[in-house]
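So this block is structure-v1.cif, mmCIF, C-alpha atoms:
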```
data_upload
loop_
_atom_site.label_atom_id
_atom_site.label_comp_id
_atom_site.auth_asym_id
_atom_site.auth_seq_id
_atom_site.Cartn_x
_atom_site.Cartn_y
_atom_site.Cartn_z
CA MET A 231 0.00 0.00 0.00
CA GLU A 232 2.84 2.39 0.90
CA ALA A 233 4.53 1.82 -2.46
CA ARG A 234 1.30 2.55 -4.31
CA ARG A 235 0.88 5.78 -2.37
CA ASP A 236 4.47 6.82 -3.11
CA ALA A 237 3.71 6.78 -6.83
CA PHE A 238 1.70 9.99 -6.31
CA VAL A 239 4.32 12.70 -6.62
CA PRO A 240 2.59 15.86 -5.26
CA ASP A 241 2.28 14.15 -1.87
CA PRO A 242 4.64 16.33 0.26
CA VAL A 243 2.53 19.45 -0.29
CA LEU A 244 -0.99 18.23 -0.96
CA GLY A 245 -0.88 15.20 1.33
CA GLY A 246 1.76 15.95 3.94
CA LEU A 247 1.27 19.75 4.13
CA LEU A 248 5.03 20.37 4.01
CA GLY A 249 6.84 23.46 2.77
CA LEU A 250 3.69 25.57 2.52
CA CYS A 251 4.98 29.02 3.53
CA PRO A 252 6.48 30.07 0.17
CA LEU A 253 3.62 28.48 -1.78
CA VAL A 254 0.77 30.32 -0.06
CA ALA A 255 2.54 33.66 0.24
CA ALA A 256 5.20 34.28 -2.41
CA ALA A 257 4.44 31.89 -5.27
CA ASP A 258 1.94 34.15 -7.04
CA THR A 259 3.53 33.81 -10.49
CA LEU A 260 4.69 30.72 -12.37
CA ALA A 261 8.29 31.96 -12.34
CA ASP A 262 8.24 32.57 -8.56
CA GLY A 263 6.80 29.11 -7.92
CA ALA A 264 9.36 27.47 -10.19
CA ILE A 265 12.30 29.28 -8.55
CA LEU A 266 11.15 28.58 -4.98
CA GLY A 267 10.23 24.98 -5.79
CA LEU A 268 13.56 24.38 -7.52
CA GLY A 269 15.51 25.91 -4.62
CA ALA A 270 13.86 23.71 -1.96
CA SER A 271 13.97 20.58 -4.16
CA LEU A 272 17.64 21.00 -5.07
CA SER A 273 18.61 21.65 -1.43
CA ALA A 274 16.65 18.58 -0.31
CA ILE A 275 18.25 16.36 -2.97
CA ILE A 276 21.80 17.57 -2.28
CA LEU A 277 21.43 17.30 1.52
CA GLY A 278 19.54 14.01 1.45
CA ALA A 279 21.98 12.36 -0.95
CA GLY A 280 25.19 13.99 0.32
CA LEU A 281 24.87 13.89 4.11
CA PRO A 282 24.81 10.09 4.54
CA ALA A 283 28.15 9.89 2.68
CA PHE A 284 29.85 12.39 5.03
CA ARG A 285 28.15 11.63 8.35
CA GLU A 286 30.84 9.21 9.49
CA PHE A 287 33.51 11.90 9.18
CA ILE A 288 31.58 14.35 11.40
CA PRO A 289 31.40 13.83 15.19
CA GLU A 290 27.87 12.94 16.27
CA ARG A 291 27.36 16.10 18.37
CA LEU A 292 28.27 18.32 15.42
CA ARG A 293 26.19 16.55 12.76
CA ALA A 294 23.05 18.63 13.19
CA PRO A 295 24.77 22.07 13.24
CA VAL A 296 27.03 21.14 10.32
CA ALA A 297 24.06 19.86 8.30
CA LEU A 298 22.06 22.99 9.09
CA GLY A 299 25.02 25.17 8.10
CA LEU A 300 25.33 23.25 4.84
CA GLY A 301 21.61 23.77 4.17
CA ALA A 302 21.99 27.50 4.85
CA PHE A 303 25.03 27.66 2.56
CA LEU A 304 23.02 26.02 -0.23
CA ALA A 305 20.15 28.47 0.33
CA ALA A 306 22.54 31.46 0.20
CA LEU A 307 24.20 30.07 -2.94
CA PHE A 308 20.85 29.43 -4.62
CA GLY A 309 19.70 32.97 -3.71
CA LEU A 310 22.76 34.48 -5.39
CA ALA A 311 22.37 32.23 -8.45
CA ALA A 312 18.67 33.11 -8.78
CA GLU A 313 19.48 36.82 -8.51
CA ALA A 314 22.12 36.48 -11.23
CA PHE A 315 19.66 34.50 -13.41
CA SER A 316 16.95 37.15 -13.24
CA PRO A 317 17.06 40.13 -10.85
CA ALA A 318 13.51 41.07 -11.89
CA LEU A 319 12.07 37.71 -10.84
CA THR A 320 13.91 37.48 -7.53
CA ALA A 321 13.06 41.07 -6.52
CA GLY A 322 9.65 39.94 -5.25
CA LEU A 323 10.98 36.86 -3.47
CA GLY A 324 13.25 38.70 -1.00
CA LEU A 325 12.19 37.03 2.24
CA TYR A 326 11.55 33.59 0.82
CA LEU A 327 14.92 32.79 -0.81
CA PRO A 328 16.81 32.68 2.54
CA LEU A 329 13.88 30.75 4.02
CA ILE A 330 14.74 27.82 1.71
CA ALA A 331 17.28 26.91 4.42
CA VAL A 332 14.46 26.14 6.86
CA ASN A 333 11.83 24.91 4.39
CA CYS A 334 10.13 21.81 5.83
CA VAL A 335 11.03 19.75 2.73
CA THR A 336 14.72 20.70 3.10
CA LEU A 337 14.65 20.06 6.86
CA ALA A 338 12.99 16.65 6.41
CA ALA A 339 15.74 15.58 3.96
CA LEU A 340 18.35 17.02 6.32
CA ARG A 341 17.03 15.05 9.31
CA ARG A 342 16.95 11.80 7.33
CA GLY A 343 20.45 12.56 6.02
CA ILE A 344 21.80 13.09 9.55
CA ARG A 345 20.31 9.76 10.63
CA GLY A 346 21.95 8.15 7.60
CA GLU A 347 18.75 6.66 6.23
CA GLU A 348 18.93 5.28 2.70
CA GLN A 349 16.33 7.31 0.86
CA LYS A 350 17.27 7.95 -2.74
CA PRO A 351 14.02 6.85 -4.51
CA GLY A 352 11.78 8.48 -1.89
CA LEU A 353 13.95 11.60 -1.79
CA LEU A 354 13.76 12.09 -5.56
CA ARG A 355 10.00 11.45 -5.58
CA SER A 356 9.24 13.89 -2.75
CA SER A 357 11.57 16.59 -4.12
CA LEU A 358 10.10 16.26 -7.62
CA GLY A 359 6.65 16.27 -6.03
CA TYR A 360 7.39 19.53 -4.24
CA LEU A 361 8.65 21.15 -7.44
CA LEU A 362 5.60 19.98 -9.40
CA ALA A 363 3.21 21.17 -6.67
CA ALA A 364 4.96 24.57 -6.53
CA ILE A 365 4.69 24.99 -10.31
CA LEU A 366 1.06 23.83 -10.39
CA ILE A 367 -0.09 26.08 -7.53
CA SER A 368 1.74 29.18 -8.76
CA ALA A 369 0.59 28.65 -12.37
CA LEU A 370 -3.04 28.33 -11.29
CA ARG A 371 -2.80 31.40 -9.06
CA GLU A 372 -1.31 33.53 -11.81
CA ALA A 373 -3.43 32.21 -14.71
CA ILE A 374 -6.80 32.46 -12.92
CA GLY A 375 -5.93 35.37 -10.67
CA LEU A 376 -4.02 37.68 -12.99
CA GLY A 377 -4.85 36.27 -16.44
CA ARG A 378 -1.20 35.76 -17.43
CA LEU A 379 1.77 33.44 -16.98
CA THR A 380 5.28 34.74 -16.22
CA LEU A 381 7.89 32.30 -17.50
CA PRO A 382 11.18 31.81 -15.63
CA THR A 383 13.34 33.26 -18.41
CA PRO A 384 16.77 34.82 -17.74
CA GLY A 385 17.49 38.53 -17.92
CA PRO A 386 15.90 41.71 -16.61
CA PHE A 387 12.60 41.32 -18.52
CA PRO A 388 10.93 37.91 -18.00
CA TYR A 389 8.72 36.65 -20.85
CA THR A 390 5.02 36.89 -20.00
CA LEU A 391 2.09 35.19 -21.75
CA VAL A 392 -0.92 37.49 -21.40
CA PHE A 393 -4.37 35.85 -21.70
CA VAL A 394 -6.55 38.80 -20.64
CA ASP A 395 -5.65 42.44 -20.01
CA GLU A 396 -7.71 42.86 -16.83
CA ALA A 397 -6.90 40.60 -13.86
CA PRO A 398 -9.99 38.36 -13.64
CA PHE A 399 -9.70 37.23 -10.01
CA ARG A 400 -6.95 39.20 -8.32
CA LEU A 401 -7.69 37.68 -4.91
CA LEU A 402 -6.06 34.41 -5.96
CA ALA A 403 -2.70 36.16 -6.32
CA ALA A 404 -2.95 37.29 -2.68
CA PRO A 405 -1.99 34.92 0.18
CA ALA A 406 -5.70 34.31 0.87
CA GLY A 407 -5.99 32.94 -2.67
CA GLY A 408 -2.94 30.77 -2.07
CA PHE A 409 -4.71 29.07 0.84
CA LEU A 410 -7.91 28.67 -1.21
CA ILE A 411 -6.10 27.14 -4.21
CA LEU A 412 -4.04 24.86 -1.97
CA GLY A 413 -7.17 23.70 -0.10
CA SER A 414 -9.01 22.98 -3.36
CA LEU A 415 -6.04 21.08 -4.79
CA ALA A 416 -5.62 19.08 -1.56
CA ALA A 417 -9.33 18.11 -1.77
CA ALA A 418 -8.97 17.14 -5.45
CA TYR A 419 -5.86 15.11 -4.57
CA ARG A 420 -7.70 13.24 -1.84
CA PHE A 421 -10.68 12.68 -4.15
CA ALA A 422 -8.34 11.21 -6.79
CA LEU A 423 -6.66 8.97 -4.19
CA ARG A 424 -10.03 7.68 -3.00
CA ALA A 425 -11.28 7.12 -6.55
CA LEU A 426 -8.18 5.03 -7.29
CA GLY A 427 -8.56 3.10 -4.03
CA ARG A 428 -5.36 4.41 -2.53
CA ARG A 429 -4.65 5.37 1.04
CA LEU A 430 -5.57 8.87 2.19
CA PRO A 431 -2.62 10.86 3.55
CA MET B 135 -0.48 41.99 13.63
CA PHE B 136 -3.52 41.47 11.38
CA ALA B 137 -3.04 43.11 7.95
CA ALA B 138 0.51 41.67 7.79
CA ASN B 139 -0.19 38.54 9.82
CA ALA B 140 2.79 36.17 10.01
CA LEU B 141 0.66 33.08 9.33
CA LEU B 142 -2.13 34.28 7.07
CA VAL B 143 -0.23 36.85 4.98
CA TYR B 144 3.41 35.72 5.09
CA GLY B 145 2.53 32.02 5.44
CA LEU B 146 5.19 31.62 8.14
CA GLY B 147 4.77 28.56 10.36
CA ALA B 148 1.92 27.38 8.12
CA CYS B 149 2.91 23.69 8.16
CA PRO B 150 2.58 23.02 11.93
CA ALA B 151 -0.42 25.38 12.23
CA LEU B 152 -2.37 23.67 9.45
CA ARG B 153 -1.42 20.17 10.54
CA GLY B 154 -3.03 21.03 13.88
CA GLU B 155 -0.02 20.49 16.15
CA ARG B 156 -1.25 21.69 19.52
CA ARG B 157 0.35 22.93 22.71
CA GLY B 158 -1.05 24.76 25.70
CA LEU B 159 -1.90 28.40 24.95
CA LEU B 160 0.44 29.80 27.57
CA VAL B 161 3.29 27.48 26.56
CA SER B 162 2.96 28.35 22.88
CA ILE B 163 2.91 32.15 23.39
CA LEU B 164 5.82 31.94 25.88
CA ALA B 165 7.91 29.84 23.50
CA LEU B 166 7.01 32.00 20.48
CA LEU B 167 7.90 35.25 22.20
CA THR B 168 11.15 34.00 23.71
CA ALA B 169 12.49 32.35 20.54
CA ASN B 170 11.47 35.25 18.31
CA LEU B 171 12.76 38.02 20.56
CA ILE B 172 16.19 36.38 20.82
CA ALA B 173 16.37 35.56 17.11
CA SER B 174 15.12 39.01 16.02
CA SER B 175 17.48 40.97 18.26
CA LEU B 176 20.50 38.82 17.27
CA LEU B 177 19.76 38.95 13.55
CA TRP B 178 19.13 42.71 13.73
CA ALA B 179 22.45 43.29 15.53
CA LEU B 180 24.49 40.97 13.30
CA ARG B 181 22.91 42.41 10.14
CA GLU B 182 23.45 46.02 11.17
CA LEU B 183 26.98 45.57 12.54
CA LEU B 184 28.47 42.78 10.45
CA LEU B 185 26.57 42.04 7.24
CA ALA B 186 25.12 45.32 5.92
CA PRO B 187 28.32 47.44 6.22
CA PHE B 188 30.16 44.95 3.98
CA GLY B 189 27.25 44.17 1.64
CA LEU B 190 27.03 40.59 2.91
CA GLU B 191 23.25 40.40 3.42
CA ALA B 192 23.15 37.23 1.29
CA LEU B 193 24.82 35.42 4.19
CA GLU B 194 21.76 35.86 6.46
CA PRO B 195 20.83 32.14 6.25
CA LEU B 196 24.35 31.16 7.33
CA VAL B 197 24.31 33.59 10.25
CA PHE B 198 20.94 32.19 11.32
CA ALA B 199 22.02 28.55 10.99
CA LEU B 200 25.45 28.86 12.58
CA ILE B 201 24.90 31.45 15.32
CA ILE B 202 21.26 32.23 16.05
CA ALA B 203 19.53 28.83 15.81
CA PRO B 204 22.12 27.04 18.02
CA LEU B 205 21.88 29.82 20.64
CA VAL B 206 18.07 29.68 20.70
CA LYS B 207 18.20 25.87 20.89
CA TYR B 208 20.71 26.03 23.75
CA LEU B 209 18.53 28.48 25.64
CA GLY B 210 15.46 26.28 25.07
CA ARG B 211 17.29 23.26 26.48
CA ALA B 212 18.52 25.29 29.45
CA ILE B 213 14.95 26.40 30.21
CA ALA B 214 13.66 22.84 29.72
CA THR B 215 16.01 21.54 32.43
CA SER B 216 14.69 24.05 34.98
CA GLY B 217 12.24 23.01 37.70
CA ALA B 218 8.80 24.36 36.83
CA PRO B 219 6.69 22.12 34.51
CA LEU B 220 5.44 25.13 32.52
CA LEU B 221 9.00 26.26 31.85
CA GLN B 222 10.03 22.72 30.93
CA LYS B 223 7.29 22.56 28.31
CA ALA B 224 8.10 26.05 27.04
CA GLY B 225 11.81 25.14 26.84
CA ALA B 226 11.04 22.05 24.78
CA ALA B 227 8.84 24.18 22.48
CA ILE B 228 11.64 26.77 22.07
CA ASP B 229 14.11 23.97 21.28
CA GLU B 230 11.78 22.66 18.54
CA ALA B 231 10.95 26.10 17.15
CA ALA B 232 14.57 27.28 16.94
CA VAL B 233 15.03 25.90 13.43
CA SER B 234 11.79 26.92 11.76
CA CYS B 235 10.60 29.28 9.07
CA LEU B 236 8.47 31.08 11.66
CA VAL B 237 11.40 32.18 13.84
CA PHE B 238 13.77 32.90 10.93
CA GLY B 239 11.02 34.61 8.89
CA ILE B 240 9.91 36.97 11.68
CA ALA B 241 13.56 37.77 12.45
CA LEU B 242 14.19 38.53 8.75
CA ILE B 243 11.12 40.77 8.46
CA SER B 244 12.11 42.71 11.59
CA ALA B 245 15.75 43.03 10.56
CA ARG B 246 15.04 44.06 6.95
CA SER B 247 12.49 46.77 7.75
CA ASN B 248 15.09 49.48 8.46
CA PHE B 249 13.88 49.67 12.05
CA GLY B 250 15.90 50.54 15.13
CA LEU B 251 16.41 47.74 17.64
CA LEU B 252 13.42 48.71 19.79
CA GLU B 253 11.13 48.99 16.75
CA ALA B 254 12.37 45.65 15.42
CA LEU B 255 11.63 43.98 18.76
CA THR B 256 8.18 45.58 18.92
CA ALA B 257 7.47 44.36 15.37
CA SER B 258 8.63 40.91 16.41
CA ILE B 259 6.29 40.89 19.44
CA GLY B 260 3.40 42.07 17.23
CA ALA B 261 4.13 39.32 14.69
CA CYS B 262 4.17 36.67 17.45
CA VAL B 263 0.89 37.86 18.95
CA GLY B 264 -0.69 37.98 15.46
CA TYR B 265 0.51 34.44 14.69
CA TRP B 266 -0.74 33.20 18.03
CA ALA B 267 -4.16 34.87 17.49
CA ALA B 268 -4.48 33.24 14.04
CA LEU B 269 -3.46 29.88 15.55
CA VAL B 270 -6.10 30.12 18.28
CA LEU B 271 -8.80 31.16 15.77
CA LEU B 272 -7.84 28.33 13.40
CA GLY B 273 -7.95 25.89 16.32
CA ALA B 274 -11.53 26.99 17.08
CA VAL B 275 -12.50 26.67 13.40
CA ARG B 276 -10.91 23.19 13.30
CA GLU B 277 -13.05 22.06 16.27
CA ARG B 278 -16.23 23.30 14.54
CA LEU B 279 -15.21 21.64 11.27
CA GLU B 280 -14.65 18.29 12.99
CA LEU B 281 -18.37 18.25 13.88
CA SER B 282 -19.53 19.41 10.44
CA ASP B 283 -20.91 17.14 7.74
CA LEU B 284 -18.32 17.84 5.04
CA PRO B 285 -17.69 15.80 1.87
CA GLU B 286 -15.09 13.09 2.59
CA SER B 287 -12.41 14.67 0.36
CA PHE B 288 -12.74 18.04 2.10
CA ARG B 289 -12.38 16.73 5.65
CA GLY B 290 -9.23 17.63 7.55
CA ALA B 291 -6.47 19.56 5.79
CA PRO B 292 -8.44 20.85 2.74
CA ALA B 293 -11.21 22.31 4.91
CA ILE B 294 -8.74 23.98 7.26
CA LEU B 295 -6.77 25.41 4.30
CA VAL B 296 -9.92 26.92 2.79
CA SER B 297 -10.89 28.27 6.24
CA ALA B 298 -7.41 29.81 6.56
CA GLY B 299 -7.95 31.45 3.15
CA LEU B 300 -11.28 32.95 4.24
CA MET B 301 -9.71 34.10 7.50
CA ALA B 302 -6.84 35.68 5.56
CA MET B 303 -9.40 37.63 3.52
CA ALA B 304 -10.96 38.91 6.73
CA PHE B 305 -7.54 39.86 8.13
CA MET B 306 -6.75 41.78 4.92
CA GLY B 307 -9.60 44.12 5.80
CA ILE B 308 -8.19 44.99 9.24
CA ASP B 309 -5.81 47.76 8.23
CA ALA B 310 -5.08 51.29 9.47
CA VAL B 311 -8.20 52.68 7.74
CA PHE B 312 -10.42 50.07 9.41
CA ILE B 313 -8.96 50.75 12.85
CA GLY B 314 -9.26 54.51 12.20
CA ASN B 315 -12.96 54.15 11.35
CA LEU B 316 -13.51 51.94 14.37
CA VAL B 317 -11.90 54.37 16.76
CA GLY B 318 -13.49 57.35 15.07
#
```

Go ahead and express the file in the form of structure tokens.
Amino acid sequence: MEARRDAFVPDPVLGGLLGLCPLVAAADTLADGAILGLGASLSAIILGAGLPAFREFIPERLRAPVALGLGAFLAALFGLAAEAFSPALTAGLGLYLPLIAVNCVTLAALRRGIRGEEQKPGLLRSSLGYLLAAILISALREAIGLGRLTLPTPGPFPYTLVFVDEAPFRLLAAPAGGFLILGSLAAAYRFALRALGRRLP
Amino acid sequence: MFAANALLVYGLGACPALRGERRGLLVSILALLTANLIASSLLWALRELLLAPFGLEALEPLVFALIIAPLVKYLGRAIATSGAPLLQKAGAAIDEAAVSCLVFGIALISARSNFGLLEALTASIGACVGYWAALVLLGAVRERLELSDLPESFRGAPAILVSAGLMAMAFMGIDAVFIGNLVG
């Protein structure tokens, strides 16, 4: 049953309610969602895959602080890389790029890495799931809320697909809309799980 | 506290709040205030004295992870080993909260707002009280929802997320103009 449930990739967000803070607040455009999702997913993959290999070289008492420092280093590095990729896109993400260091998805991978648990298939699935959920939620918020999609293109002027000139449902781009979209998607996810006879999260 | 609520506007600490992790009211507010006041004052001081003068603001996550979080954790453990049961519970809660987006997020907001130390600490206290108020209100909504006849797929997390969205809409309306009209 567990293996069948694992096949559903958006599980960390829609099932486990992990890593929600950037998704409900900052991910109001497709580009923002993709950048934040990529940052947390990459950090989780690097920490989850890398820490078990190094844990034996680090004294047990120092494992947690070293791992946390490594996570923060990755978040700082990703923030600088994202800013170099597109200053226009990262301008609105200010608070949430450093917060990648303490994103629940990153911290979960970090804790498993410190304990040395073998987790490669599950780690890839949950990280990919987080990225997909971030892209899906931010795309829905921007498309329905603002009537456009901002693509994560490099340079000072990101490419934007405009569907309608007037924002049709601006509330969805606000944090309140983030909660509403996330709640609706979580309900749809549970409905799909039940319809397929799989375990509810 | 309301229009820029830490939970409903910034989404900070959303995961534990929406999963319904509960502690006593007094324990949670004590832990929140202690952890956030220490983290906010330290981040403000380190940012103003060490990072900003050299243009090193990008290192904020490292400063938090290597200096602030361990200090807050240490303090939490020290409080947890003290005698009184309330302080023990609060200490354990501070220890857990030390590495969280709530503590780091509130510290970042306070430090980045170009406030003086006193203003940053006041903003931090306001953010904690706002988060705590939203948590208490969501807890009450959760209890009502548990007794409601909702469709199976909406029970639990989806219903509480939609409720948080509606509550966030209500909080958006409580701004300076609203308070001004209320007071006259």

Kindly indicate which residue among A:Leu260, A:Ile367, A:Ala306, A:Ala318 lies nearest to chain B, using only C-alpha atoms for the distances.
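Using only C-alpha atoms, the shortest distance to chain B belongs to A:Ala306.
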
Need the shell around Leu272 in chain B: protein/DNA/RNA residues with any atom at most 8 Å away, counting all atoms listed in the file. Skip same-chain ones fewer than 4 positions apart. Format as a PyMOL selection string?
chain B and resi 268+276+294+297-298

Could you write out as number ranges by chain the residues that the PyMOL selection byres ((chain B) within 9 of (chain A)) matches in the shown file?
B: 141-150, 152-153, 192-200, 203-204, 233-235, 238-239, 242-243, 246, 286-289, 291-303, 306

Please evaluate the PyMOL selection byres ((chain B and resi 213) around 12) against the structure above and give the resulting residues as a list in words.
Leu164, Ala165, Thr168, Ala169, Val206, Lys207, Tyr208, Leu209, Gly210, Arg211, Ala212, Ala214, Thr215, Ser216, Gly217, Ala218, Pro219, Leu220, Leu221, Gln222, Lys223, Ala224, Gly225, Ala226, Ala227, Ile228 and Asp229 of chain B

Requested write-out: C-alpha atoms of the selected residues, as a PDB file, keeping the file's coordinate frame:
```
ATOM      1  CA  LEU B 164       5.820  31.940  25.880  1.00  0.00           C
ATOM      2  CA  ALA B 165       7.910  29.840  23.500  1.00  0.00           C
ATOM      3  CA  THR B 168      11.150  34.000  23.710  1.00  0.00           C
ATOM      4  CA  ALA B 169      12.490  32.350  20.540  1.00  0.00           C
ATOM      5  CA  VAL B 206      18.070  29.680  20.700  1.00  0.00           C
ATOM      6  CA  LYS B 207      18.200  25.870  20.890  1.00  0.00           C
ATOM      7  CA  TYR B 208      20.710  26.030  23.750  1.00  0.00           C
ATOM      8  CA  LEU B 209      18.530  28.480  25.640  1.00  0.00           C
ATOM      9  CA  GLY B 210      15.460  26.280  25.070  1.00  0.00           C
ATOM     10  CA  ARG B 211      17.290  23.260  26.480  1.00  0.00           C
ATOM     11  CA  ALA B 212      18.520  25.290  29.450  1.00  0.00           C
ATOM     12  CA  ALA B 214      13.660  22.840  29.720  1.00  0.00           C
ATOM     13  CA  THR B 215      16.010  21.540  32.430  1.00  0.00           C
ATOM     14  CA  SER B 216      14.690  24.050  34.980  1.00  0.00           C
ATOM     15  CA  GLY B 217      12.240  23.010  37.700  1.00  0.00           C
ATOM     16  CA  ALA B 218       8.800  24.360  36.830  1.00  0.00           C
ATOM     17  CA  PRO B 219       6.690  22.120  34.510  1.00  0.00           C
ATOM     18  CA  LEU B 220       5.440  25.130  32.520  1.00  0.00           C
ATOM     19  CA  LEU B 221       9.000  26.260  31.850  1.00  0.00           C
ATOM     20  CA  GLN B 222      10.030  22.720  30.930  1.00  0.00           C
ATOM     21  CA  LYS B 223       7.290  22.560  28.310  1.00  0.00           C
ATOM     22  CA  ALA B 224       8.100  26.050  27.040  1.00  0.00           C
ATOM     23  CA  GLY B 225      11.810  25.140  26.840  1.00  0.00           C
ATOM     24  CA  ALA B 226      11.040  22.050  24.780  1.00  0.00           C
ATOM     25  CA  ALA B 227       8.840  24.180  22.480  1.00  0.00           C
ATOM     26  CA  ILE B 228      11.640  26.770  22.070  1.00  0.00           C
ATOM     27  CA  ASP B 229      14.110  23.970  21.280  1.00  0.00           C
TER      28      ASP B 229
END
```

Take every atom of range 372-383 of chain A listed in the file, pad by 5 Å on each side, and give me the axis-aligned box centre and edge lengths in Å, one decimal, as lines of an AutoDock Vina configuration file.
```
center_x = 3.3
center_y = 34.7
center_z = -14.5
size_x = 30.1
size_y = 15.9
size_z = 17.7
```

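Each of A:Phe315, A:Phe284, A:Tyr360, A:Phe393 was checked against Ala270 in chain A using all atoms listed in the file; the smallest atom-to-atom distance is that of A:Tyr360.
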
The PyMOL selection byres ((chain A and resi 277-282) around 6) - which residues does that actually catch in the file I just gave you? List them as a VMD selection string.
chain A and resid 273 to 276 283 to 285 339 to 340 343 346
